[in-house]
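Written below as structure tokens is the structure these notes are about.
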Amino acid sequence: MNQYSEQFRIQGKQLSCERYGNGHINETYLVKTTSGLDYILQKINTNVFQNVEGLMANIVAVTEYLAARDGDPRHTLHVVPTLDGKSFFRDPEGGCWRVYDFVTDSICLEKVESEEDFVQSAIAFGQFQRQLAEFPAATLTETIPHFHDTADRVRQLRDAIAADKAGRLQEVQSEIAFALDRAEEAGCMVRMLAEGKLPLRVTHNDTKLNNVMLDAATRKPLCVIDLDTVMPGLAANDFGDSIRFGASTAAEDEKDLDKVEMSLPLFEAYARGFLGACGESLTDEEIRTLPMGAKLMTYECGIRFLADYLNGDTYFRTHYPEQNLDRCHTQFKLVADMEKKWDAMAAVIAKVAGR
Ligand code: ADP
Ligand code: GN1
Ligand code: MG
């Protein structure tokens, strides 16, 4: 059992430290202590995040900004400092660790249990974006440059195809064809941004359902977590990444693709919560691009899983050898389903936005 929690200003002594949660990136542990307070201890994935100082400075700045505007401790993630007042601890092997207060009496969902839960998660992410509308974006470090530059993700897929590091190229020809057939469209949102048609906002960039905490009793939003990718970005991408994960009728690695669909009722539920929480802050053009955000975030995630499969599973944590390929299949199935439901998705957005 690791004892790194004792390098931080936690209350009490560590009683247990067990692996926790289902994140694909960091190593997360639940720490129980003699004080009765629980903590989240995380080993930051330094393969993914090379600038840990910049990353933690972002998280401290954003959480202090949010906490100054809402004093309820369950409404903002709280970074526990190290004994010498730093935001993270470097172990003798160079591993980087951080501690958060555990968000008490909360639930974190891996799958939508009711439409209303999904509306509430949408409200959480919409409010998060609105609360950060005036945050000085230029002070944020870009923790992963080109994170949601979908055209650049296509380039990375082409690099993975050319290198074929894991010798898996032959078995994924149909997946590659599906991906490359849609390569042209990949750049459309980034192009609109460059042309000044879409505004750059401070966004979360990883709006999975399991990155939001709801109150266990009321099932209302408490706070947004997993702030590693809070950076300037596009509102439609935050909307879209939530649809990709939460509006799917199956798990991200479901093998039976007949079970995988993008649910229109869930799409509408999320749109209602998100647009309601963003209020008047979104432009007409941003609202029109919400369906494209859903499609591109799903496509992008699919090609990221495919590229990682080709590279030998070095980015996303996997629990079995073909898991990244299974994840790629669900994402591409969702993209195909969105293409079928395209007009209906646009109609839902127009109806909910009332514009
Ligand atoms: P990753 O980047 O690997 O996704 P997260 O920060 O999302 O890491 O944490 C993984 C999981 O740990 C979350 O989905 C959630 O279940 C749990 N978790 C993280 N932070 C907290 C917290 N402060 N309180 C309660 N649970 C948390
Ligand atoms: C990762 O960290 P986690 O599990 O919340 C990834 C997201 C992907 C997601 C796919 C920093 O999210 O971009 O959409 O997996 N995070 C990073 O499930 O790459
Ligand atoms: Mg997460």
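Quick note on naming: the chains in the structure tokens go A, B, ... in the order shown, residues restart at 1 in each chain, and ligands are numbered from 1 in order of appearance.
Around ligand 2, the neighbouring residues within 8 Å, taking only C-alpha atoms and all ligand atoms, come to Asn22, Gly23, His24, Ile25, Asn26, Val48, Phe49, Ile144, Phe147, Asn205, Asp206, Thr207, Lys208, Asn210, Asn211, Asp226, Asp228, Thr229, Asp241, Phe245, Glu252, Met297, Cys301, Tyr315 and Phe316 of chain A.
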Would you save the residues from that selection as a PDB file, in the first residue's frame, using N, CA and C atoms?
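Once everything was written out, this is selection.pdb:
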```
ATOM      1  N   ASN A  22     -12.656   4.673 -12.894  1.00  0.00           N
ATOM      2  CA  ASN A  22     -12.476   4.050 -14.212  1.00  0.00           C
ATOM      3  C   ASN A  22     -11.853   4.993 -15.227  1.00  0.00           C
ATOM      4  N   GLY A  23     -11.045   5.946 -14.763  1.00  0.00           N
ATOM      5  CA  GLY A  23     -10.392   6.862 -15.706  1.00  0.00           C
ATOM      6  C   GLY A  23      -9.395   6.110 -16.583  1.00  0.00           C
ATOM      7  N   HIS A  24      -9.197   6.632 -17.804  1.00  0.00           N
ATOM      8  CA  HIS A  24      -8.270   5.978 -18.740  1.00  0.00           C
ATOM      9  C   HIS A  24      -6.856   6.538 -18.645  1.00  0.00           C
ATOM     10  N   ILE A  25      -6.654   7.605 -17.853  1.00  0.00           N
ATOM     11  CA  ILE A  25      -5.387   8.322 -17.962  1.00  0.00           C
ATOM     12  C   ILE A  25      -4.548   8.263 -16.676  1.00  0.00           C
ATOM     13  N   ASN A  26      -5.097   8.762 -15.577  1.00  0.00           N
ATOM     14  CA  ASN A  26      -4.308   8.825 -14.346  1.00  0.00           C
ATOM     15  C   ASN A  26      -4.497   7.549 -13.523  1.00  0.00           C
ATOM     16  N   VAL A  48       1.310  11.362 -20.740  1.00  0.00           N
ATOM     17  CA  VAL A  48       0.298  12.201 -21.389  1.00  0.00           C
ATOM     18  C   VAL A  48       0.528  13.685 -21.086  1.00  0.00           C
ATOM     19  N   PHE A  49       0.857  13.979 -19.829  1.00  0.00           N
ATOM     20  CA  PHE A  49       1.029  15.375 -19.397  1.00  0.00           C
ATOM     21  C   PHE A  49       2.491  15.611 -19.030  1.00  0.00           C
ATOM     22  N   ILE A 144      -2.276  19.926 -23.352  1.00  0.00           N
ATOM     23  CA  ILE A 144      -2.011  19.043 -24.503  1.00  0.00           C
ATOM     24  C   ILE A 144      -2.302  19.871 -25.761  1.00  0.00           C
ATOM     25  N   PHE A 147      -5.261  19.459 -28.689  1.00  0.00           N
ATOM     26  CA  PHE A 147      -6.003  18.346 -28.081  1.00  0.00           C
ATOM     27  C   PHE A 147      -7.241  17.970 -28.900  1.00  0.00           C
ATOM     28  N   ASN A 205     -13.066  20.220 -22.002  1.00  0.00           N
ATOM     29  CA  ASN A 205     -12.418  19.364 -23.007  1.00  0.00           C
ATOM     30  C   ASN A 205     -12.423  17.867 -22.721  1.00  0.00           C
ATOM     31  N   ASP A 206     -13.044  17.442 -21.635  1.00  0.00           N
ATOM     32  CA  ASP A 206     -13.118  15.994 -21.349  1.00  0.00           C
ATOM     33  C   ASP A 206     -14.413  15.752 -20.570  1.00  0.00           C
ATOM     34  N   THR A 207     -15.541  16.053 -21.233  1.00  0.00           N
ATOM     35  CA  THR A 207     -16.825  16.140 -20.526  1.00  0.00           C
ATOM     36  C   THR A 207     -17.549  14.795 -20.433  1.00  0.00           C
ATOM     37  N   LYS A 208     -16.797  13.765 -20.083  1.00  0.00           N
ATOM     38  CA  LYS A 208     -17.410  12.456 -19.868  1.00  0.00           C
ATOM     39  C   LYS A 208     -18.299  12.501 -18.627  1.00  0.00           C
ATOM     40  N   ASN A 210     -18.440  10.472 -16.319  1.00  0.00           N
ATOM     41  CA  ASN A 210     -17.738  10.144 -15.066  1.00  0.00           C
ATOM     42  C   ASN A 210     -16.731  11.222 -14.655  1.00  0.00           C
ATOM     43  N   ASN A 211     -16.846  12.396 -15.284  1.00  0.00           N
ATOM     44  CA  ASN A 211     -16.054  13.538 -14.833  1.00  0.00           C
ATOM     45  C   ASN A 211     -16.943  14.613 -14.193  1.00  0.00           C
ATOM     46  N   ASP A 226     -11.745  16.189 -12.936  1.00  0.00           N
ATOM     47  CA  ASP A 226     -10.822  15.869 -14.039  1.00  0.00           C
ATOM     48  C   ASP A 226     -10.507  17.126 -14.863  1.00  0.00           C
ATOM     49  N   ASP A 228      -7.691  18.313 -15.906  1.00  0.00           N
ATOM     50  CA  ASP A 228      -6.381  18.302 -16.574  1.00  0.00           C
ATOM     51  C   ASP A 228      -6.384  18.975 -17.940  1.00  0.00           C
ATOM     52  N   THR A 229      -7.542  18.986 -18.590  1.00  0.00           N
ATOM     53  CA  THR A 229      -7.575  19.524 -19.956  1.00  0.00           C
ATOM     54  C   THR A 229      -8.388  20.816 -20.055  1.00  0.00           C
ATOM     55  N   ASP A 241     -18.519  15.895 -26.642  1.00  0.00           N
ATOM     56  CA  ASP A 241     -17.851  14.802 -25.933  1.00  0.00           C
ATOM     57  C   ASP A 241     -18.810  14.153 -24.929  1.00  0.00           C
ATOM     58  N   PHE A 245     -20.199   9.971 -25.088  1.00  0.00           N
ATOM     59  CA  PHE A 245     -20.101   8.987 -24.002  1.00  0.00           C
ATOM     60  C   PHE A 245     -21.468   8.712 -23.373  1.00  0.00           C
ATOM     61  N   GLU A 252     -18.494   2.102 -23.596  1.00  0.00           N
ATOM     62  CA  GLU A 252     -17.522   2.546 -24.604  1.00  0.00           C
ATOM     63  C   GLU A 252     -16.784   1.367 -25.245  1.00  0.00           C
ATOM     64  N   MET A 297     -16.354  14.885 -32.099  1.00  0.00           N
ATOM     65  CA  MET A 297     -15.729  14.356 -30.876  1.00  0.00           C
ATOM     66  C   MET A 297     -15.763  12.818 -30.876  1.00  0.00           C
ATOM     67  N   CYS A 301     -12.443  10.576 -31.148  1.00  0.00           N
ATOM     68  CA  CYS A 301     -12.125   9.597 -30.121  1.00  0.00           C
ATOM     69  C   CYS A 301     -11.904   8.229 -30.771  1.00  0.00           C
ATOM     70  N   TYR A 315      -1.216   4.885 -24.850  1.00  0.00           N
ATOM     71  CA  TYR A 315      -1.834   6.115 -24.323  1.00  0.00           C
ATOM     72  C   TYR A 315      -2.973   5.799 -23.352  1.00  0.00           C
ATOM     73  N   PHE A 316      -4.025   5.152 -23.837  1.00  0.00           N
ATOM     74  CA  PHE A 316      -5.186   4.847 -22.992  1.00  0.00           C
ATOM     75  C   PHE A 316      -4.917   3.565 -22.202  1.00  0.00           C
TER      76      PHE A 316
END
```
Next item on the list: Just the strand (DSSP E or B) stuff from segment 200-288 of chain A, please, per backbone DSSP, written as a list in words.
Entry: Arg201, Val202, Thr203, Val212, Met213, Leu214, Asp215, Pro221, Leu222, Cys223, Val224, Met231, Pro232, Gly233, Ser248 and Met262 of chain A
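Considering only C-alpha atoms, the residue among A:Ala251, A:Val62, A:Ala271, A:Ala294 positioned nearest to Phe135 of chain A is A:Val62.
Nearest residue to Ala133 of chain A among A:Ile176, A:Leu200, A:Ala250, A:Leu257 is A:Leu200, counting only C-alpha atoms.
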Next item on the list: Counting only C-alpha atoms and all ligand atoms, name the residues that have an atom within 8 Å of an atom of ligand 1; the answer should be given as a PyMOL selection string.
Entry: chain A and resi 20-30+39-40+42+77-78+100-104+106-110+210-213+225-228
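Among A:Asp256, A:Val224, A:Gly95, A:Leu282, the residue with the shortest atom-to-atom distance to ligand 3, counting only C-alpha atoms and all ligand atoms, is A:Val224.
Taking atom CA of Leu55 of chain A and atom CA of Val230 of chain A as endpoints, the distance between them is 9.1 Å.
Each of A:Ser248, A:Ser281, A:Asn2, A:Asn45 was compared to Val31 of chain A using only C-alpha atoms, and A:Asn2 turns out to be the nearest.
Within segment 201-264 of chain A, DSSP applied to the backbone places the following residues in alpha helix (DSSP H): Ala235, Ala236, Asn237, Asp238, Phe239, Gly240, Asp241, Ser242, Ile243, Arg244, Phe245, Gly246 and Leu264 of chain A.
Going from atom CA of Lys13 of chain A to atom CA of Thr76 of chain A covers 24.2 Å.
Relative to atom CA of Gln11 of chain A, atom CA of Asp38 of chain A is found at 9.1 Å.
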Neighbours of Lys220 of chain A within 8 Å (only C-alpha atoms; same-chain residues fewer than 2 positions away dropped), as a PDB file with N, CA and C atoms, in the first residue's frame?
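That gives us around_26.pdb:
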```pdb
ATOM      1  N   ASP A 117     -30.705  12.373 -14.873  1.00  0.00           N
ATOM      2  CA  ASP A 117     -29.281  12.443 -14.478  1.00  0.00           C
ATOM      3  C   ASP A 117     -28.459  13.109 -15.581  1.00  0.00           C
ATOM      4  N   GLN A 120     -28.890  16.752 -15.627  1.00  0.00           N
ATOM      5  CA  GLN A 120     -28.129  17.376 -14.530  1.00  0.00           C
ATOM      6  C   GLN A 120     -26.634  17.443 -14.857  1.00  0.00           C
ATOM      7  N   LEU A 214     -22.527  14.174  -8.912  1.00  0.00           N
ATOM      8  CA  LEU A 214     -23.889  14.581  -8.556  1.00  0.00           C
ATOM      9  C   LEU A 214     -24.105  14.290  -7.070  1.00  0.00           C
ATOM     10  N   ASP A 215     -25.002  15.034  -6.451  1.00  0.00           N
ATOM     11  CA  ASP A 215     -25.335  14.799  -5.048  1.00  0.00           C
ATOM     12  C   ASP A 215     -26.059  13.443  -4.940  1.00  0.00           C
ATOM     13  N   THR A 218     -29.923  14.165  -3.810  1.00  0.00           N
ATOM     14  CA  THR A 218     -30.811  14.928  -4.702  1.00  0.00           C
ATOM     15  C   THR A 218     -30.545  14.661  -6.179  1.00  0.00           C
ATOM     16  N   LEU A 222     -22.965  18.660  -8.294  1.00  0.00           N
ATOM     17  CA  LEU A 222     -22.089  19.213  -7.255  1.00  0.00           C
ATOM     18  C   LEU A 222     -20.935  19.926  -7.930  1.00  0.00           C
TER      19      LEU A 222
END
```
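Candidate residues A:Ala160, A:Val112, A:Ala67, A:Leu209 were compared for distance to ligand 3, and the nearest is A:Leu209, using only C-alpha atoms and all ligand atoms.
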Check: Could you pull the residues within 7 Å of Lys32 of chain A, counting only C-alpha atoms, minus those fewer than 3 positions along the same chain, as a PyMOL selection string?
Finding: chain A and resi 14-17+37-39
Give me the residues within 12 Å of Leu334 of chain A as a compact mmCIF listing (two decimals) with all heavy atoms, in the first residue's frame, counting only C-alpha atoms and dropping any in the same chain fewer than 5 places off.
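In the end it all went to selection_11.txt:
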```txt
# COMPACT_ATOMS: atom_id res chain seq x y z
N ILE A 243 -22.06 13.90 -25.39
CA ILE A 243 -22.99 13.08 -26.20
C ILE A 243 -22.31 11.76 -26.56
O ILE A 243 -22.89 10.68 -26.42
CB ILE A 243 -23.41 13.85 -27.48
CG1 ILE A 243 -24.16 15.13 -27.10
CG2 ILE A 243 -24.21 12.97 -28.43
CD1 ILE A 243 -25.40 14.93 -26.27
N ARG A 244 -21.08 11.85 -27.00
CA ARG A 244 -20.29 10.67 -27.39
C ARG A 244 -20.36 9.59 -26.32
O ARG A 244 -20.60 8.41 -26.61
CB ARG A 244 -18.83 11.12 -27.58
CG ARG A 244 -17.84 10.02 -27.79
CD ARG A 244 -16.41 10.53 -27.66
NE ARG A 244 -15.94 10.57 -26.28
CZ ARG A 244 -15.67 9.51 -25.54
NH1 ARG A 244 -15.83 8.30 -26.01
NH2 ARG A 244 -15.25 9.65 -24.29
N PHE A 245 -20.20 9.97 -25.09
CA PHE A 245 -20.10 8.99 -24.00
C PHE A 245 -21.47 8.71 -23.37
O PHE A 245 -21.86 7.57 -23.19
CB PHE A 245 -19.12 9.52 -22.94
CG PHE A 245 -18.75 8.52 -21.88
CD1 PHE A 245 -17.74 7.59 -22.11
CD2 PHE A 245 -19.39 8.52 -20.65
CE1 PHE A 245 -17.38 6.67 -21.14
CE2 PHE A 245 -19.03 7.60 -19.67
CZ PHE A 245 -18.02 6.67 -19.90
N GLY A 246 -22.19 9.80 -23.06
CA GLY A 246 -23.41 9.65 -22.25
C GLY A 246 -24.66 9.32 -23.04
O GLY A 246 -25.58 8.70 -22.50
N ALA A 247 -24.72 9.73 -24.31
CA ALA A 247 -25.93 9.45 -25.10
C ALA A 247 -25.83 8.12 -25.82
O ALA A 247 -26.75 7.71 -26.53
CB ALA A 247 -26.20 10.58 -26.09
N SER A 248 -24.71 7.43 -25.62
CA SER A 248 -24.58 6.09 -26.21
C SER A 248 -25.41 5.11 -25.38
O SER A 248 -25.47 5.22 -24.15
CB SER A 248 -23.12 5.66 -26.21
OG SER A 248 -23.03 4.31 -26.60
N THR A 249 -26.03 4.16 -26.07
CA THR A 249 -26.87 3.18 -25.35
C THR A 249 -26.04 2.03 -24.79
O THR A 249 -26.59 1.12 -24.19
CB THR A 249 -27.93 2.60 -26.31
OG1 THR A 249 -27.24 2.16 -27.49
CG2 THR A 249 -28.97 3.65 -26.68
N ALA A 250 -24.72 2.07 -24.99
CA ALA A 250 -23.88 0.96 -24.49
C ALA A 250 -22.56 1.51 -23.98
O ALA A 250 -22.24 2.69 -24.16
CB ALA A 250 -23.64 -0.04 -25.60
N ALA A 251 -21.79 0.62 -23.35
CA ALA A 251 -20.50 1.02 -22.81
C ALA A 251 -19.53 1.36 -23.94
O ALA A 251 -19.70 0.91 -25.08
CB ALA A 251 -19.92 -0.09 -21.94
N GLU A 252 -18.49 2.10 -23.60
CA GLU A 252 -17.52 2.55 -24.60
C GLU A 252 -16.78 1.37 -25.24
O GLU A 252 -16.27 1.48 -26.36
CB GLU A 252 -16.52 3.49 -23.90
CG GLU A 252 -15.63 4.28 -24.80
CD GLU A 252 -14.76 5.24 -23.99
OE1 GLU A 252 -13.99 4.76 -23.13
OE2 GLU A 252 -14.86 6.44 -24.18
N GLU A 254 -18.22 -1.84 -25.56
CA GLU A 254 -19.20 -2.90 -25.84
C GLU A 254 -18.78 -3.66 -27.12
O GLU A 254 -18.47 -3.04 -28.13
CB GLU A 254 -20.59 -2.27 -26.01
CG GLU A 254 -21.67 -3.23 -26.47
CD GLU A 254 -21.90 -4.38 -25.49
OE1 GLU A 254 -22.16 -4.09 -24.31
OE2 GLU A 254 -21.81 -5.55 -25.93
N LEU A 257 -22.11 -4.69 -31.24
CA LEU A 257 -22.40 -3.36 -31.81
C LEU A 257 -23.89 -3.13 -32.06
O LEU A 257 -24.32 -1.99 -32.23
CB LEU A 257 -21.58 -3.13 -33.08
CG LEU A 257 -20.06 -3.05 -32.85
CD1 LEU A 257 -19.35 -2.81 -34.17
CD2 LEU A 257 -19.70 -1.95 -31.85
N ASP A 258 -24.67 -4.21 -32.04
CA ASP A 258 -26.13 -4.03 -32.17
C ASP A 258 -26.68 -3.24 -30.98
O ASP A 258 -27.76 -2.66 -31.07
CB ASP A 258 -26.84 -5.39 -32.25
CG ASP A 258 -26.59 -6.07 -33.59
OD1 ASP A 258 -26.20 -5.35 -34.54
OD2 ASP A 258 -26.74 -7.30 -33.68
N LYS A 259 -25.95 -3.27 -29.88
CA LYS A 259 -26.43 -2.55 -28.69
C LYS A 259 -26.05 -1.07 -28.70
O LYS A 259 -26.47 -0.30 -27.84
CB LYS A 259 -25.82 -3.17 -27.42
CG LYS A 259 -26.29 -4.58 -27.15
CD LYS A 259 -25.76 -5.04 -25.80
CE LYS A 259 -26.22 -6.45 -25.48
NZ LYS A 259 -25.27 -7.13 -24.61
N VAL A 260 -25.21 -0.68 -29.66
CA VAL A 260 -24.64 0.68 -29.63
C VAL A 260 -25.40 1.63 -30.55
O VAL A 260 -25.43 1.43 -31.78
CB VAL A 260 -23.15 0.66 -30.06
CG1 VAL A 260 -22.55 2.06 -29.95
CG2 VAL A 260 -22.36 -0.34 -29.23
N GLU A 261 -25.99 2.63 -29.97
CA GLU A 261 -26.72 3.64 -30.74
C GLU A 261 -26.54 4.98 -30.07
O GLU A 261 -26.30 5.04 -28.85
CB GLU A 261 -28.22 3.34 -30.68
CG GLU A 261 -28.79 2.66 -31.90
CD GLU A 261 -30.29 2.63 -31.80
OE1 GLU A 261 -30.90 3.72 -31.90
OE2 GLU A 261 -30.83 1.53 -31.59
N MET A 262 -26.71 6.07 -30.82
CA MET A 262 -26.77 7.39 -30.20
C MET A 262 -28.26 7.66 -29.94
O MET A 262 -29.03 7.77 -30.89
CB MET A 262 -26.19 8.43 -31.15
CG MET A 262 -25.82 9.75 -30.51
SD MET A 262 -27.18 10.85 -30.12
CE MET A 262 -27.91 11.09 -31.73
N SER A 263 -28.64 7.71 -28.68
CA SER A 263 -30.06 7.86 -28.33
C SER A 263 -30.51 9.30 -28.54
O SER A 263 -29.98 10.22 -27.91
CB SER A 263 -30.24 7.44 -26.87
OG SER A 263 -31.35 8.11 -26.31
N LEU A 264 -31.49 9.48 -29.42
CA LEU A 264 -32.02 10.84 -29.65
C LEU A 264 -32.68 11.44 -28.41
O LEU A 264 -32.48 12.62 -28.11
CB LEU A 264 -33.01 10.83 -30.81
CG LEU A 264 -32.46 11.21 -32.19
CD1 LEU A 264 -33.57 11.13 -33.22
CD2 LEU A 264 -31.85 12.61 -32.20
N ALA A 294 -20.78 16.87 -31.66
CA ALA A 294 -21.03 15.48 -31.24
C ALA A 294 -20.38 14.51 -32.22
O ALA A 294 -19.70 13.55 -31.82
CB ALA A 294 -22.53 15.22 -31.16
N LYS A 295 -20.56 14.76 -33.49
CA LYS A 295 -20.01 13.84 -34.49
C LYS A 295 -18.48 13.87 -34.49
O LYS A 295 -17.82 12.83 -34.48
CB LYS A 295 -20.55 14.21 -35.88
CG LYS A 295 -20.07 13.25 -36.95
CD LYS A 295 -20.75 13.51 -38.27
CE LYS A 295 -20.04 12.72 -39.37
NZ LYS A 295 -20.51 13.10 -40.70
N LEU A 296 -17.93 15.08 -34.46
CA LEU A 296 -16.46 15.16 -34.54
C LEU A 296 -15.78 14.63 -33.29
O LEU A 296 -14.73 13.99 -33.37
CB LEU A 296 -16.01 16.60 -34.80
CG LEU A 296 -16.12 17.10 -36.24
CD1 LEU A 296 -15.36 18.40 -36.41
CD2 LEU A 296 -15.59 16.07 -37.25
N MET A 297 -16.35 14.88 -32.10
CA MET A 297 -15.73 14.36 -30.88
C MET A 297 -15.76 12.82 -30.88
O MET A 297 -14.84 12.17 -30.40
CB MET A 297 -16.42 14.89 -29.62
CG MET A 297 -16.09 16.32 -29.27
SD MET A 297 -14.31 16.61 -29.01
CE MET A 297 -13.84 17.17 -30.61
N THR A 298 -16.84 12.25 -31.44
CA THR A 298 -16.96 10.79 -31.47
C THR A 298 -16.00 10.21 -32.51
O THR A 298 -15.29 9.22 -32.24
CB THR A 298 -18.43 10.41 -31.80
OG1 THR A 298 -19.29 11.16 -30.94
CG2 THR A 298 -18.65 8.93 -31.58
N TYR A 299 -15.97 10.84 -33.67
CA TYR A 299 -15.03 10.43 -34.72
C TYR A 299 -13.58 10.53 -34.21
O TYR A 299 -12.78 9.61 -34.35
CB TYR A 299 -15.25 11.33 -35.94
CG TYR A 299 -14.18 11.21 -37.01
CD1 TYR A 299 -14.15 10.13 -37.87
CD2 TYR A 299 -13.20 12.21 -37.15
CE1 TYR A 299 -13.17 10.02 -38.85
CE2 TYR A 299 -12.24 12.12 -38.13
CZ TYR A 299 -12.22 11.03 -38.97
OH TYR A 299 -11.25 10.93 -39.93
N GLU A 300 -13.29 11.69 -33.59
CA GLU A 300 -11.92 11.92 -33.09
C GLU A 300 -11.52 10.87 -32.06
O GLU A 300 -10.42 10.33 -32.10
CB GLU A 300 -11.83 13.33 -32.48
CG GLU A 300 -10.47 13.67 -31.92
CD GLU A 300 -10.46 15.02 -31.22
OE1 GLU A 300 -10.59 16.06 -31.90
OE2 GLU A 300 -10.32 15.04 -29.98
N CYS A 301 -12.44 10.58 -31.15
CA CYS A 301 -12.13 9.60 -30.12
C CYS A 301 -11.90 8.23 -30.77
O CYS A 301 -10.98 7.49 -30.41
CB CYS A 301 -13.28 9.55 -29.11
SG CYS A 301 -12.72 9.07 -27.50
N GLY A 302 -12.73 7.90 -31.77
CA GLY A 302 -12.56 6.63 -32.48
C GLY A 302 -11.19 6.53 -33.14
O GLY A 302 -10.51 5.50 -33.04
N ARG A 327 -13.17 -0.21 -28.46
CA ARG A 327 -13.60 1.18 -28.23
C ARG A 327 -13.73 1.93 -29.56
O ARG A 327 -14.67 2.70 -29.77
CB ARG A 327 -12.56 1.91 -27.35
CG ARG A 327 -12.53 1.43 -25.89
CD ARG A 327 -11.29 2.00 -25.21
NE ARG A 327 -11.21 1.68 -23.79
CZ ARG A 327 -10.07 1.70 -23.08
NH1 ARG A 327 -8.93 2.03 -23.66
NH2 ARG A 327 -10.08 1.42 -21.80
N CYS A 328 -12.80 1.68 -30.47
CA CYS A 328 -12.86 2.32 -31.79
C CYS A 328 -14.15 1.90 -32.49
O CYS A 328 -14.84 2.74 -33.09
CB CYS A 328 -11.62 1.91 -32.59
SG CYS A 328 -11.80 2.15 -34.36
N HIS A 329 -14.50 0.62 -32.41
CA HIS A 329 -15.71 0.13 -33.09
C HIS A 329 -16.97 0.83 -32.58
O HIS A 329 -17.83 1.21 -33.36
CB HIS A 329 -15.85 -1.39 -32.90
CG HIS A 329 -14.83 -2.16 -33.67
ND1 HIS A 329 -14.43 -3.43 -33.31
CD2 HIS A 329 -14.11 -1.84 -34.77
CE1 HIS A 329 -13.51 -3.85 -34.17
NE2 HIS A 329 -13.31 -2.91 -35.06
N GLU A 339 -24.84 9.94 -38.45
CA GLU A 339 -25.03 10.32 -39.86
C GLU A 339 -26.46 10.02 -40.29
O GLU A 339 -27.08 10.80 -40.99
CB GLU A 339 -23.99 9.61 -40.74
CG GLU A 339 -22.60 10.23 -40.55
CD GLU A 339 -21.46 9.46 -41.21
OE1 GLU A 339 -21.70 8.33 -41.69
OE2 GLU A 339 -20.32 10.00 -41.22
N LYS A 340 -26.99 8.88 -39.80
CA LYS A 340 -28.39 8.53 -40.12
C LYS A 340 -29.37 9.50 -39.46
O LYS A 340 -30.41 9.81 -40.01
CB LYS A 340 -28.70 7.12 -39.61
CG LYS A 340 -28.22 6.01 -40.51
CD LYS A 340 -28.83 4.68 -40.04
CE LYS A 340 -27.79 3.59 -40.13
NZ LYS A 340 -27.82 2.62 -39.07
N LYS A 341 -29.04 9.95 -38.26
CA LYS A 341 -29.97 10.77 -37.49
C LYS A 341 -29.67 12.27 -37.61
O LYS A 341 -30.14 13.07 -36.80
CB LYS A 341 -29.90 10.35 -36.01
CG LYS A 341 -30.39 8.93 -35.79
CD LYS A 341 -30.21 8.43 -34.37
CE LYS A 341 -30.80 7.03 -34.23
NZ LYS A 341 -30.34 6.33 -33.02
N TRP A 342 -28.87 12.62 -38.60
CA TRP A 342 -28.33 13.99 -38.70
C TRP A 342 -29.42 15.06 -38.70
O TRP A 342 -29.35 16.04 -37.94
CB TRP A 342 -27.44 14.09 -39.95
CG TRP A 342 -26.58 15.31 -39.94
CD1 TRP A 342 -26.64 16.36 -40.80
CD2 TRP A 342 -25.55 15.60 -38.99
NE1 TRP A 342 -25.69 17.29 -40.46
CE2 TRP A 342 -25.00 16.85 -39.36
CE3 TRP A 342 -25.02 14.94 -37.89
CZ2 TRP A 342 -23.97 17.47 -38.65
CZ3 TRP A 342 -23.98 15.54 -37.17
CH2 TRP A 342 -23.48 16.79 -37.55
```
Notebook entry, point to check: If we count only C-alpha atoms, what is near Val202 of chain A at a cut-off of 10 Å, once residues fewer than 4 positions away on the same chain are taken out, given as a PyMOL selection string?
Noted result: chain A and resi 128-138+140+230-235
